[in-house]
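The structure file target-v8.pdb is reproduced below (PDB, C-alpha atoms).
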ATOM      1  CA  MET L  30       0.000   0.000   0.000
ATOM      2  CA  ILE L  31       2.790   2.420   0.919
ATOM      3  CA  LYS L  32       4.589   1.588  -2.320
ATOM      4  CA  LYS L  33       1.374   2.263  -4.252
ATOM      5  CA  ILE L  34       0.937   5.684  -2.642
ATOM      6  CA  PHE L  35       4.573   6.570  -3.349
ATOM      7  CA  TYR L  36       4.105   5.502  -6.962
ATOM      8  CA  LEU L  37       1.009   7.675  -7.364
ATOM      9  CA  LEU L  38       2.770  10.701  -5.881
ATOM     10  CA  SER L  39       5.729  10.177  -8.200
ATOM     11  CA  LEU L  40       3.360   9.905 -11.149
ATOM     12  CA  LEU L  41       1.672  13.190 -10.151
ATOM     13  CA  ILE L  42       5.026  14.991 -10.100
ATOM     14  CA  ILE L  43       5.936  13.612 -13.527
ATOM     15  CA  ILE L  44       2.592  14.458 -15.131
ATOM     16  CA  PHE L  45       2.125  17.854 -13.483
ATOM     17  CA  PRO L  46       5.633  19.272 -12.896
ATOM     18  CA  ALA L  47       4.500  22.863 -13.399
ATOM     19  CA  TYR L  48       1.734  22.391 -10.847
ATOM     20  CA  THR L  49       4.062  20.919  -8.231
ATOM     21  CA  GLN L  50       6.558  23.718  -8.855
ATOM     22  CA  GLN L  51       3.766  26.254  -8.401
ATOM     23  CA  ILE L  52       2.934  24.728  -5.029
ATOM     24  CA  LYS L  53       6.500  25.326  -3.875
ATOM     25  CA  GLN L  54       6.466  28.956  -5.032
ATOM     26  CA  VAL L  55       3.344  30.410  -3.429
ATOM     27  CA  ARG L  56       3.647  34.142  -2.809
ATOM     28  CA  THR L  57       2.851  35.043   0.787
ATOM     29  CA  ILE L  58       2.320  38.217   2.799
ATOM     30  CA  PRO L  59       4.956  38.632   5.523
ATOM     31  CA  SER L  60       3.860  39.321   9.073
ATOM     32  CA  ILE L  61       4.609  42.669  10.683
ATOM     33  CA  ASP L  62       7.487  41.250  12.705
ATOM     34  CA  GLN L  63       9.142  39.751   9.587
ATOM     35  CA  ILE L  64       9.831  43.041   7.860
ATOM     36  CA  ALA L  65      12.593  45.533   8.586
ATOM     37  CA  PRO L  66      12.110  48.713   6.501
ATOM     38  CA  PRO L  67      15.284  50.826   6.354
ATOM     39  CA  TYR L  68      13.377  54.118   6.607
ATOM     40  CA  LEU L  69      10.743  55.315   9.066
ATOM     41  CA  SER L  70       8.633  56.725   6.226
ATOM     42  CA  THR L  71       8.607  53.301   4.556
ATOM     43  CA  ALA L  72       7.678  51.573   7.811
ATOM     44  CA  LEU L  73       4.763  53.975   8.400
ATOM     45  CA  LEU L  74       3.585  53.644   4.795
ATOM     46  CA  ILE L  75       2.631  50.006   5.350
ATOM     47  CA  ASN L  76       2.251  49.990   9.149
ATOM     48  CA  PRO L  77       0.668  53.255  10.359
ATOM     49  CA  CYS L  78       0.183  51.643  13.797
ATOM     50  CA  LEU L  79       3.932  51.165  14.225
ATOM     51  CA  ASP L  80       5.064  50.838  17.853
ATOM     52  CA  ILE L  81       8.019  53.182  17.741
ATOM     53  CA  SER L  82       9.481  51.794  20.972
ATOM     54  CA  LEU L  83       9.897  48.379  19.339
ATOM     55  CA  SER L  84      10.841  49.548  15.860
ATOM     56  CA  GLY L  85      14.527  50.338  16.255
ATOM     57  CA  PHE L  86      13.952  53.968  15.284
ATOM     58  CA  ASP L  87      14.782  56.766  17.730
ATOM     59  CA  ASP L  88      11.685  57.168  19.918
ATOM     60  CA  SER L  89      13.145  60.223  21.649
ATOM     61  CA  ASP L  90      13.415  62.326  18.503
ATOM     62  CA  ASP L  91      10.663  64.936  18.189
ATOM     63  CA  ASP L  92      10.447  64.660  14.395
ATOM     64  CA  THR L  93      10.157  60.881  14.618
ATOM     65  CA  ILE L  94       7.389  61.091  17.198
ATOM     66  CA  LYS L  95       5.570  63.654  15.061
ATOM     67  CA  MET L  96       5.712  61.388  11.990
ATOM     68  CA  VAL L  97       4.328  58.442  13.970
ATOM     69  CA  ASP L  98       1.521  60.524  15.501
ATOM     70  CA  GLU L  99       0.528  61.957  12.109
ATOM     71  CA  ALA L 100       0.417  58.485  10.560
ATOM     72  CA  LYS L 101      -1.962  57.211  13.265
ATOM     73  CA  ALA L 102      -4.092  60.352  13.135
ATOM     74  CA  ALA L 103      -5.019  59.624   9.515
ATOM     75  CA  TYR L 104      -7.268  56.761  10.706
ATOM     76  CA  PRO L 105     -10.293  56.584  13.010
ATOM     77  CA  ALA L 106      -9.679  56.725  16.758
ATOM     78  CA  ASN L 107      -8.868  53.380  18.402
ATOM     79  CA  THR L 108      -7.703  51.837  15.103
ATOM     80  CA  CYS L 109      -4.300  51.021  16.544
ATOM     81  CA  ASN L 110      -5.778  49.835  19.851
ATOM     82  CA  ASN L 111      -7.400  46.934  18.003
ATOM     83  CA  PRO L 112      -4.639  44.395  17.124
ATOM     84  CA  ALA L 113      -6.787  42.581  14.549
ATOM     85  CA  LEU L 114      -7.720  45.825  12.796
ATOM     86  CA  ALA L 115      -4.139  47.143  12.932
ATOM     87  CA  ASN L 116      -2.914  43.916  11.332
ATOM     88  CA  LYS L 117      -5.589  44.127   8.652
ATOM     89  CA  LEU L 118      -4.507  47.715   7.939
ATOM     90  CA  PHE L 119      -0.929  46.498   7.514
ATOM     91  CA  LYS L 120      -2.064  43.719   5.171
ATOM     92  CA  ALA L 121      -4.052  46.107   2.968
ATOM     93  CA  ARG L 122      -1.272  48.701   2.811
ATOM     94  CA  PHE L 123       1.306  46.021   2.072
ATOM     95  CA  LEU L 124      -0.799  44.630  -0.776
ATOM     96  CA  GLN L 125      -1.193  48.105  -2.254
ATOM     97  CA  TYR L 126       2.457  49.096  -2.319
ATOM     98  CA  SER L 127       4.020  45.692  -2.850
ATOM     99  CA  THR L 128       1.814  44.833  -5.821
ATOM    100  CA  ILE L 129       2.889  48.069  -7.515
ATOM    101  CA  THR L 130       6.419  46.650  -7.733
ATOM    102  CA  LEU L 131       5.106  43.479  -9.401
ATOM    103  CA  VAL L 132       3.087  44.873 -12.313
ATOM    104  CA  ASP L 133       4.362  46.307 -15.591
ATOM    105  CA  ASP L 134       1.760  49.095 -15.686
ATOM    106  CA  PRO L 135       1.848  50.575 -12.154
ATOM    107  CA  TRP L 136       0.096  53.761 -13.294
ATOM    108  CA  ASN L 137      -3.085  51.744 -13.883
ATOM    109  CA  LEU L 138      -2.939  50.027 -10.489
ATOM    110  CA  ASP L 139      -2.185  53.404  -8.899
ATOM    111  CA  ILE L 140      -5.591  54.679 -10.054
ATOM    112  CA  GLU L 141      -7.265  51.888  -8.081
ATOM    113  CA  ILE L 142      -5.114  52.532  -5.017
ATOM    114  CA  VAL L 143      -5.947  56.245  -5.042
ATOM    115  CA  GLU L 144      -9.660  55.340  -5.013
ATOM    116  CA  GLN L 145      -9.099  52.810  -2.230
ATOM    117  CA  ASN L 146      -7.281  55.371  -0.072
ATOM    118  CA  LYS L 147     -10.010  57.911  -0.755
ATOM    119  CA  LEU L 148     -12.515  55.397   0.568
ATOM    120  CA  ILE L 149     -10.417  54.903   3.708
ATOM    121  CA  SER L 150     -10.090  58.647   4.291
ATOM    122  CA  GLN L 151     -13.881  58.967   4.383
ATOM    123  CA  CYS L 152     -14.193  56.528   7.294
ATOM    124  CA  LYS L 153     -15.079  58.136  10.628
ATOM    125  CA  ASP L 154     -15.158  54.957  12.697
ATOM    126  CA  THR L 155     -13.433  51.579  12.886
ATOM    127  CA  ALA L 156     -16.437  49.673  11.519
ATOM    128  CA  CYS L 157     -16.234  51.636   8.275
ATOM    129  CA  LEU L 158     -12.461  51.176   8.138
ATOM    130  CA  ASP L 159     -12.758  47.433   8.710
ATOM    131  CA  LYS L 160     -15.183  47.139   5.793
ATOM    132  CA  ALA L 161     -12.975  49.263   3.529
ATOM    133  CA  LEU L 162      -9.888  47.181   4.330
ATOM    134  CA  ASP L 163     -11.771  43.959   3.573
ATOM    135  CA  SER L 164     -12.673  45.384   0.173
ATOM    136  CA  ILE L 165      -9.074  46.363  -0.602
ATOM    137  CA  ILE L 166      -7.692  42.973   0.410
ATOM    138  CA  SER L 167     -10.291  41.103  -1.645
ATOM    139  CA  GLN L 168      -9.405  43.221  -4.702
ATOM    140  CA  LEU L 169      -5.609  42.993  -4.481
ATOM    141  CA  TYR L 170      -4.838  39.623  -2.919
ATOM    142  CA  PRO L 171      -5.801  37.539  -6.008
ATOM    143  CA  LEU L 172      -3.569  39.717  -8.185
ATOM    144  CA  TYR L 173      -0.691  39.647  -5.702
ATOM    145  CA  ILE L 174      -0.574  35.857  -5.417
ATOM    146  CA  SER L 175      -1.095  35.274  -9.162
ATOM    147  CA  ILE L 176       2.107  37.043 -10.237
ATOM    148  CA  PRO L 177       5.076  34.632 -10.476
ATOM    149  CA  ILE L 178       7.736  35.041  -7.808
ATOM    150  CA  HIS L 179      10.624  34.872 -10.272
ATOM    151  CA  ARG L 180       9.737  37.260 -13.061
ATOM    152  CA  SER L 181      11.118  39.966 -15.321
ATOM    153  CA  PRO L 182       9.321  42.923 -16.928
ATOM    154  CA  THR L 183       7.423  41.871 -20.042
ATOM    155  CA  SER L 184       9.656  42.653 -22.977
ATOM    156  CA  GLY L 185       8.199  44.639 -25.853
ATOM    157  CA  GLN L 186       9.719  45.592 -29.182
ATOM    158  CA  LEU L 187      11.012  49.121 -29.755
ATOM    159  CA  CYS L 188      12.139  48.493 -33.344
ATOM    160  CA  SER L 189      10.970  46.358 -36.235
ATOM    161  CA  ASP L 190      14.177  46.015 -38.291
ATOM    162  CA  LYS L 191      17.774  47.207 -38.096
ATOM    163  CA  ILE L 192      18.983  49.367 -40.950
ATOM    164  CA  ASP L 193      22.353  50.238 -42.462
ATOM    165  CA  LEU L 194      22.832  53.888 -43.404
ATOM    166  CA  ALA L 195      26.425  53.468 -44.632
ATOM    167  CA  SER L 196      25.370  54.310 -48.196
ATOM    168  CA  ASP L 197      23.678  57.515 -47.040
ATOM    169  CA  LYS L 198      26.663  59.877 -46.811
ATOM    170  CA  LYS L 199      24.753  62.720 -45.149
ATOM    171  CA  MET L 200      23.232  60.491 -42.488
ATOM    172  CA  ASP L 201      26.541  58.701 -42.046
ATOM    173  CA  LEU L 202      28.113  62.046 -41.156
ATOM    174  CA  VAL L 203      25.262  62.879 -38.763
ATOM    175  CA  ILE L 204      25.762  59.592 -36.930
ATOM    176  CA  LYS L 205      29.516  60.106 -36.717
ATOM    177  CA  LYS L 206      28.992  63.529 -35.156
ATOM    178  CA  LEU L 207      26.517  62.095 -32.652
ATOM    179  CA  VAL L 208      28.874  59.303 -31.675
ATOM    180  CA  ALA L 209      31.708  61.779 -31.242
ATOM    181  CA  SER L 210      29.660  64.159 -29.088
ATOM    182  CA  LEU L 211      28.280  61.381 -26.883
ATOM    183  CA  SER L 212      31.715  59.844 -26.352
ATOM    184  CA  THR L 213      33.065  62.867 -24.498
ATOM    185  CA  ASP L 214      34.196  62.837 -20.880
ATOM    186  CA  ASP L 215      30.961  64.546 -19.806
ATOM    187  CA  ASN L 216      28.896  61.666 -21.188
ATOM    188  CA  CYS L 217      30.703  58.357 -21.467
ATOM    189  CA  GLY L 218      34.176  59.231 -20.247
ATOM    190  CA  SER L 219      36.199  58.996 -23.440
ATOM    191  CA  LYS L 220      37.606  61.526 -25.920
ATOM    192  CA  ASP L 221      39.325  58.892 -28.029
ATOM    193  CA  PHE L 222      37.057  58.503 -31.046
ATOM    194  CA  SER L 223      39.515  59.541 -33.794
ATOM    195  CA  ASP L 224      39.620  56.024 -35.194
ATOM    196  CA  TYR L 225      35.875  56.071 -35.718
ATOM    197  CA  VAL L 226      36.185  58.448 -38.666
ATOM    198  CA  ASP L 227      37.817  55.671 -40.647
ATOM    199  CA  ASN L 228      35.159  53.098 -39.763
ATOM    200  CA  PRO L 229      31.818  53.185 -41.631
ATOM    201  CA  ILE L 230      28.503  52.700 -39.904
ATOM    202  CA  GLY L 231      27.589  49.060 -39.552
ATOM    203  CA  GLU L 232      31.023  47.881 -38.447
ATOM    204  CA  ASP L 233      31.592  46.167 -35.076
ATOM    205  CA  LYS L 234      30.263  48.632 -32.515
ATOM    206  CA  SER L 235      32.270  47.209 -29.632
ATOM    207  CA  LYS L 236      35.657  48.318 -31.024
ATOM    208  CA  PRO L 237      37.723  50.499 -28.658
ATOM    209  CA  TYR L 238      37.486  53.623 -30.848
ATOM    210  CA  THR L 239      34.459  54.827 -28.887
ATOM    211  CA  ASN L 240      32.907  54.401 -25.477
ATOM    212  CA  VAL L 241      29.375  54.004 -26.813
ATOM    213  CA  LEU L 242      27.354  51.178 -28.338
ATOM    214  CA  PHE L 243      24.617  51.986 -30.841
ATOM    215  CA  ASP L 244      21.965  50.624 -33.177
ATOM    216  CA  ILE L 245      19.963  52.140 -36.014
ATOM    217  CA  CYS L 246      16.537  50.660 -36.604
ATOM    218  CA  LYS L 247      13.021  51.258 -37.893
ATOM    219  CA  SER L 248      10.126  52.057 -35.559
ATOM    220  CA  ASN L 249       6.499  53.108 -35.858
ATOM    221  CA  ILE L 250       7.510  56.767 -35.988
ATOM    222  CA  GLY L 251      10.644  56.529 -38.148
ATOM    223  CA  ASP L 252      14.330  55.593 -37.996
ATOM    224  CA  LEU L 253      15.822  55.548 -34.504
ATOM    225  CA  PHE L 254      19.406  55.963 -33.371
ATOM    226  CA  ILE L 255      19.751  54.144 -30.029
ATOM    227  CA  VAL L 256      22.980  54.620 -28.117
ATOM    228  CA  ASP L 257      24.291  53.889 -24.641
ATOM    229  CA  CYS L 258      27.614  54.134 -22.851
ATOM    230  CA  LYS L 259      29.639  50.968 -22.478
ATOM    231  CA  MET L 260      29.695  49.496 -18.987
ATOM    232  CA  PHE L 261      32.842  48.222 -17.302
ATOM    233  CA  GLY L 262      33.654  46.060 -14.291
ATOM    234  CA  ASN L 263      30.776  45.793 -11.823
ATOM    235  CA  GLN L 264      28.917  48.773 -13.305
ATOM    236  CA  VAL L 265      25.165  48.086 -13.538
ATOM    237  CA  ASN L 266      23.782  51.372 -14.883
ATOM    238  CA  THR L 267      24.739  53.659 -17.712
ATOM    239  CA  GLN L 268      23.455  56.596 -19.758
ATOM    240  CA  ALA L 269      21.321  56.013 -22.840
ATOM    241  CA  TRP L 270      19.767  58.100 -25.614
ATOM    242  CA  ILE L 271      17.190  57.570 -28.358
ATOM    243  CA  TYR L 272      17.169  59.936 -31.334
ATOM    244  CA  LEU L 273      14.714  60.173 -34.213
ATOM    245  CA  LEU L 274      16.523  60.438 -37.548
ATOM    246  CA  LYS L 275      15.051  62.336 -40.503
ATOM    247  CA  PRO L 276      16.747  63.454 -43.743
ATOM    248  CA  ASN L 277      18.042  67.036 -43.748
ATOM    249  CA  ILE L 278      16.800  67.586 -40.181
ATOM    250  CA  GLU L 279      18.797  67.609 -36.950
ATOM    251  CA  PRO L 280      18.340  64.370 -34.969
ATOM    252  CA  LYS L 281      15.539  64.777 -32.452
ATOM    253  CA  LEU L 282      16.190  63.564 -28.889
ATOM    254  CA  LEU L 283      13.302  61.323 -27.801
ATOM    255  CA  PHE L 284      14.744  59.770 -24.663
ATOM    256  CA  ASN L 285      17.672  60.204 -22.287
ATOM    257  CA  SER L 286      18.330  58.488 -18.969
ATOM    258  CA  TYR L 287      21.260  58.165 -16.600
ATOM    259  CA  GLU L 288      19.619  55.052 -15.132
ATOM    260  CA  ALA L 289      19.776  52.844 -18.233
ATOM    261  CA  PRO L 290      19.749  50.234 -19.626
ATOM    262  CA  PHE L 291      16.084  50.604 -20.556
ATOM    263  CA  TYR L 292      13.587  47.831 -21.207
ATOM    264  CA  PRO L 293      10.732  48.174 -23.736
ATOM    265  CA  LEU L 294       7.408  46.918 -22.354
ATOM    266  CA  ASN L 295       4.425  45.400 -24.125
ATOM    267  CA  SER L 296       2.178  48.374 -23.355
ATOM    268  CA  ILE L 297       1.869  51.110 -25.988
ATOM    269  CA  CYS L 298       1.281  54.874 -25.786
ATOM    270  CA  ASN L 299       0.854  57.025 -28.915
ATOM    271  CA  GLY L 300       2.255  54.301 -31.119
ATOM    272  CA  MET L 301       5.443  53.592 -29.159
ATOM    273  CA  PRO L 302       6.162  51.026 -26.426
ATOM    274  CA  ASP L 303       6.549  52.150 -22.832
ATOM    275  CA  LEU L 304      10.081  51.974 -21.412
ATOM    276  CA  MET L 305      11.374  51.062 -17.963
ATOM    277  CA  THR L 306      14.680  51.683 -16.202
ATOM    278  CA  SER L 307      15.795  50.273 -12.855
ATOM    279  CA  ASP L 308      18.716  52.002 -11.171
ATOM    280  CA  ARG L 309      20.319  50.102  -8.291
ATOM    281  CA  TYR L 310      20.884  52.529  -5.423
ATOM    282  CA  SER L 311      22.069  49.770  -3.085
ATOM    283  CA  SER L 312      21.638  46.043  -2.519
ATOM    284  CA  GLY L 313      18.272  46.778  -0.932
ATOM    285  CA  GLU L 314      16.883  49.603  -3.033
ATOM    286  CA  HIS L 315      16.240  50.346  -6.710
ATOM    287  CA  HIS L 316      14.780  53.395  -8.417
ATOM    288  CA  ASN L 317      12.275  52.253 -11.054
ATOM    289  CA  VAL L 318      11.095  54.695 -13.710
ATOM    290  CA  TYR L 319       8.437  54.094 -16.385
ATOM    291  CA  TYR L 320       8.503  56.286 -19.487
ATOM    292  CA  ARG L 321       5.629  56.849 -21.920
ATOM    293  CA  TYR L 322       5.760  58.467 -25.365
ATOM    294  CA  ASN L 323       3.669  61.658 -25.423
ATOM    295  CA  GLY L 324       3.678  61.995 -29.207
ATOM    296  CA  GLN L 325       6.838  64.108 -29.229
ATOM    297  CA  GLN L 326       9.234  62.455 -26.776
ATOM    298  CA  TYR L 327       9.392  60.065 -23.847
ATOM    299  CA  GLU L 328       8.433  61.411 -20.406
ATOM    300  CA  ALA L 329       8.721  59.870 -16.955
ATOM    301  CA  ALA L 330       5.135  58.847 -16.240
ATOM    302  CA  TYR L 331       5.641  56.869 -13.032
ATOM    303  CA  SER L 332       8.541  56.246 -10.670
ATOM    304  CA  TYR L 333       9.175  54.872  -7.203
ATOM    305  CA  SER L 334      11.846  53.568  -4.877
ATOM    306  CA  ASP L 335      11.675  49.778  -4.771
ATOM    307  CA  VAL L 336      12.621  49.208  -1.119
ATOM    308  CA  HIS L 337      13.593  45.753   0.117
ATOM    309  CA  LEU L 338      11.712  44.609   3.233
ATOM    310  CA  SER L 339      12.473  40.964   3.881
ATOM    311  CA  ARG L 340      13.554  37.641   2.429
ATOM    312  CA  ASP L 341      11.867  34.323   3.159
ATOM    313  CA  ASP L 342      13.566  30.998   3.869
ATOM    314  CA  LYS L 343      13.588  30.201   0.137
ATOM    315  CA  GLY L 344      15.484  33.402  -0.660
ATOM    316  CA  ASN L 345      12.512  35.202  -2.244
ATOM    317  CA  SER L 346      12.669  38.941  -1.676
ATOM    318  CA  THR L 347       9.775  41.178  -0.656
ATOM    319  CA  SER L 348       9.735  44.884  -1.432
ATOM    320  CA  ILE L 349       7.338  47.819  -1.678
ATOM    321  CA  ALA L 350       7.048  51.013  -3.695
ATOM    322  CA  ASP L 351       7.860  54.172  -1.743
ATOM    323  CA  LEU L 352       8.332  57.828  -2.753
ATOM    324  CA  ILE L 353       5.990  57.491  -5.719
ATOM    325  CA  GLU L 354       6.015  60.227  -8.376
ATOM    326  CA  LYS L 355       3.655  60.288 -11.330
ATOM    327  CA  LYS L 356       2.599  62.343 -14.331
ATOM    328  CA  GLU L 357      -0.345  61.540 -16.545
ATOM    329  CA  ILE L 358       0.536  61.032 -20.204
ATOM    330  CA  ILE L 359      -2.429  61.147 -22.593
ATOM    331  CA  CYS L 360      -2.381  58.152 -24.952
ATOM    332  CA  LYS L 361      -4.375  58.318 -28.213
TER     333      LYS L 361
END

Once more with this new file: its structure as structure tokens, please.
Amino acid sequence: MIKKIFYLLSLLIIIFPAYTQQIKQVRTIPSIDQIAPPYLSTALLINPCLDISLSGFDDSDDDTIKMVDEAKAAYPANTCNNPALANKLFKARFLQYSTITLVDDPWNLDIEIVEQNKLISQCKDTACLDKALDSIISQLYPLYISIPIHRSPTSGQLCSDKIDLASDKKMDLVIKKLVASLSTDDNCGSKDFSDYVDNPIGEDKSKPYTNVLFDICKSNIGDLFIVDCKMFGNQVNTQAWIYLLKPNIEPKLLFNSYEAPFYPLNSICNGMPDLMTSDRYSSGEHHNVYYRYNGQQYEAAYSYSDVHLSRDDKGNSTSIADLIEKKEIICK
């Protein structure tokens, strides 16, 4: 009998390996005592009922005490005196600001979160707050647990085909001037691009005559010149540019970031894919920026600090979005 059960379990693993793997990788919500936010503002964002005396932050500092008092004052009286309600508040806030870091279109989720927080702000008593928190958790929890633990941003396509402009003498000269100007000390740290003059466009772009890498390709809005500084050693971020190329017209700068490389996403705005950059501030914090094309150039539409909170026994990291900045870009 035991052998039969073992056989059936083995058969289940063979037939449904993806299912068994999914069981091992269930996303969970950490408890309050499992997280250790590096900043007081981050701690209060997800736990407004923070006990400052047990938090590790300076409970004798007037500014700290003021921040804690203001966070609690935003909710009905006695909210933090009810452990079950305080924990539910933490769960709802965690789901809001952790899920933002998991989706590829945080500006859309942000709209829902703004409405949820508006609903909370209208509560005058704990009964209303309890009901509002239940609604938030029921909305966000299914999304939170459905997103794979090990994931990367969905990768879109910025260009359709690469092109070679070596036969176009005017454009060839324009590109050479751009490469020379972007290879200066102020940009990519190199003035040595004299050898480039003797190398036509389309040659190996990794040669030492310049400190930039580039591509020329077709897009929905025309030919693009995409260039970024080479990275060396343990460097993880660089500067990048995207220019629109048109005959007899100066190249038009569409995008520039010091936090590149950038990643095209599947979402589209005004005919061009959205872009994302993720700058590593430290081992526990990244600055994520989402850019949308406004019809003329790319603008930062949404950004936040991705702040590490905890890591479970399987090594899976938990983080939330703090210091959110946003700008609405109209997409047609």

The PyMOL selection byres ((chain L and resi 105-122) around 9) applied to the shown file, residues as a PyMOL selection string: chain L and resi 58-61+74-79+101-104+123-127+150+152-155+158-159+162-163+165-166+169-170

Generate a file of the selected residues that holds C-alpha atoms, formatted as a PDB file, keeping the file's coordinate frame.
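Output file again.pdb is given in full below:
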ATOM      1  CA  ILE L  58       2.320  38.217   2.799  1.00  0.00           C
ATOM      2  CA  PRO L  59       4.956  38.632   5.523  1.00  0.00           C
ATOM      3  CA  SER L  60       3.860  39.321   9.073  1.00  0.00           C
ATOM      4  CA  ILE L  61       4.609  42.669  10.683  1.00  0.00           C
ATOM      5  CA  LEU L  74       3.585  53.644   4.795  1.00  0.00           C
ATOM      6  CA  ILE L  75       2.631  50.006   5.350  1.00  0.00           C
ATOM      7  CA  ASN L  76       2.251  49.990   9.149  1.00  0.00           C
ATOM      8  CA  PRO L  77       0.668  53.255  10.359  1.00  0.00           C
ATOM      9  CA  CYS L  78       0.183  51.643  13.797  1.00  0.00           C
ATOM     10  CA  LEU L  79       3.932  51.165  14.225  1.00  0.00           C
ATOM     11  CA  LYS L 101      -1.962  57.211  13.265  1.00  0.00           C
ATOM     12  CA  ALA L 102      -4.092  60.352  13.135  1.00  0.00           C
ATOM     13  CA  ALA L 103      -5.019  59.624   9.515  1.00  0.00           C
ATOM     14  CA  TYR L 104      -7.268  56.761  10.706  1.00  0.00           C
ATOM     15  CA  PHE L 123       1.306  46.021   2.072  1.00  0.00           C
ATOM     16  CA  LEU L 124      -0.799  44.630  -0.776  1.00  0.00           C
ATOM     17  CA  GLN L 125      -1.193  48.105  -2.254  1.00  0.00           C
ATOM     18  CA  TYR L 126       2.457  49.096  -2.319  1.00  0.00           C
ATOM     19  CA  SER L 127       4.020  45.692  -2.850  1.00  0.00           C
ATOM     20  CA  SER L 150     -10.090  58.647   4.291  1.00  0.00           C
ATOM     21  CA  CYS L 152     -14.193  56.528   7.294  1.00  0.00           C
ATOM     22  CA  LYS L 153     -15.079  58.136  10.628  1.00  0.00           C
ATOM     23  CA  ASP L 154     -15.158  54.957  12.697  1.00  0.00           C
ATOM     24  CA  THR L 155     -13.433  51.579  12.886  1.00  0.00           C
ATOM     25  CA  LEU L 158     -12.461  51.176   8.138  1.00  0.00           C
ATOM     26  CA  ASP L 159     -12.758  47.433   8.710  1.00  0.00           C
ATOM     27  CA  LEU L 162      -9.888  47.181   4.330  1.00  0.00           C
ATOM     28  CA  ASP L 163     -11.771  43.959   3.573  1.00  0.00           C
ATOM     29  CA  ILE L 165      -9.074  46.363  -0.602  1.00  0.00           C
ATOM     30  CA  ILE L 166      -7.692  42.973   0.410  1.00  0.00           C
ATOM     31  CA  LEU L 169      -5.609  42.993  -4.481  1.00  0.00           C
ATOM     32  CA  TYR L 170      -4.838  39.623  -2.919  1.00  0.00           C
TER      33      TYR L 170
END

task: Write out as a list in words each polymer residue whose atoms come within 12 Å of Asp134 (chain L), counting only C-alpha atoms; drop sequence neighbours fewer than 4 positions from it.
output: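 Listed by chain and then number, they are Thr128, Ile129, Thr130, Leu138, Asp139, Ile140, Pro182, Thr183, Leu294, Asn295, Ser296, Ile297, Cys298, Pro302, Asp303, Leu304, Met305, Asn317, Val318, Tyr319, Tyr320, Arg321, Ala330, Tyr331 and Ser332 of chain L.
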
Given all atoms listed in the file as the counted atoms, nearest of L:Ile349, L:Ile192, L:Leu187, L:Ile174 to Met301 (chain L): L:Leu187

message: So the first atom is CA of Ser248 (chain L) and the second is CA of Lys275 (chain L); what is the distance between them in Å, to one decimal place?
response: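 Distance reported for this atom pair: 12.4 Å.
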
message: One number please: CA of Met200 (chain L) to CA of Met260 (chain L), in Å, one decimal.
response: 26.7 Å

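Ranking L:Asn266, L:Lys259, L:Ile250, L:Leu202 by their shortest atom-to-atom distance to Glu279 (chain L), with all atoms listed in the file included, puts L:Leu202 first.
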
Padding 6 Å on each side, edges along x, y and z: where is the centre of the box around the listed atoms of region 310-314 of chain L, and how long are its edges in Å to one decimal? Output it as AutoDock Vina command-line options.
--center_x 19.5 --center_y 49.3 --center_z -3.2 --size_x 17.2 --size_y 18.5 --size_z 16.5

query: What lies within 9 Å of region 55-57 of chain L using all atoms listed in the file, ignoring chain neighbours under 5 positions off, as a ChimeraX atom specification?
result: /L:173-178,345

- request: Counting only C-alpha atoms, figure out which residue out of L:Tyr333, L:Leu283, L:Ala65, L:Lys205 gets nearest to Trp136 (chain L).
  value: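 Among the listed residues, the smallest separation from Trp136 (chain L) belongs to L:Tyr333.
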
message: Give me, as a list in words, all polymer residues having an atom no more than 6 Å from Phe254 (chain L), counting all atoms listed in the file and skipping those fewer than 5 positions away in the same chain.
response: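 Here the qualifying residues turn out to be Asp244, Ile245, Ile271 and Tyr272 of chain L.
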
I'd like to see the residues matched by the PyMOL selection byres ((chain L and resi 246) around 6) on this file, and ideally I'd get them as a PDB file with C-alpha atoms, in the frame of the given file.
ATOM      1  CA  CYS L 188      12.139  48.493 -33.344  1.00  0.00           C
ATOM      2  CA  ASP L 190      14.177  46.015 -38.291  1.00  0.00           C
ATOM      3  CA  LYS L 191      17.774  47.207 -38.096  1.00  0.00           C
ATOM      4  CA  ILE L 192      18.983  49.367 -40.950  1.00  0.00           C
ATOM      5  CA  ILE L 245      19.963  52.140 -36.014  1.00  0.00           C
ATOM      6  CA  LYS L 247      13.021  51.258 -37.893  1.00  0.00           C
ATOM      7  CA  ASP L 252      14.330  55.593 -37.996  1.00  0.00           C
ATOM      8  CA  LEU L 253      15.822  55.548 -34.504  1.00  0.00           C
TER       9      LEU L 253
END

task: Choose the residue, out of L:Ala209, L:Ser164, L:Phe291, L:Leu338, that has the smallest atom-to-atom separation from Asn146 (chain L); count all atoms listed in the file.
output: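 Of L:Ala209, L:Ser164, L:Phe291, L:Leu338, the one nearest Asn146 (chain L) is L:Ser164, counting all atoms listed in the file.
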
query: Excluding same-chain residues fewer than 6 positions from Cys157 (chain L), what lies within 10 Å of it counting all atoms listed in the file, as JSON, numbers by chain?
result: {"L": [105, 148, 149, 151]}

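Atom to atom, CA of Thr347 (chain L) and CA of Glu314 (chain L) stand 11.3 Å apart.
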
- request: Would you please work out which residue, of L:Gly324, L:Gly185, L:Pro290, L:Pro67, is nearest to Trp270 (chain L) when using only C-alpha atoms?
  value: L:Pro290
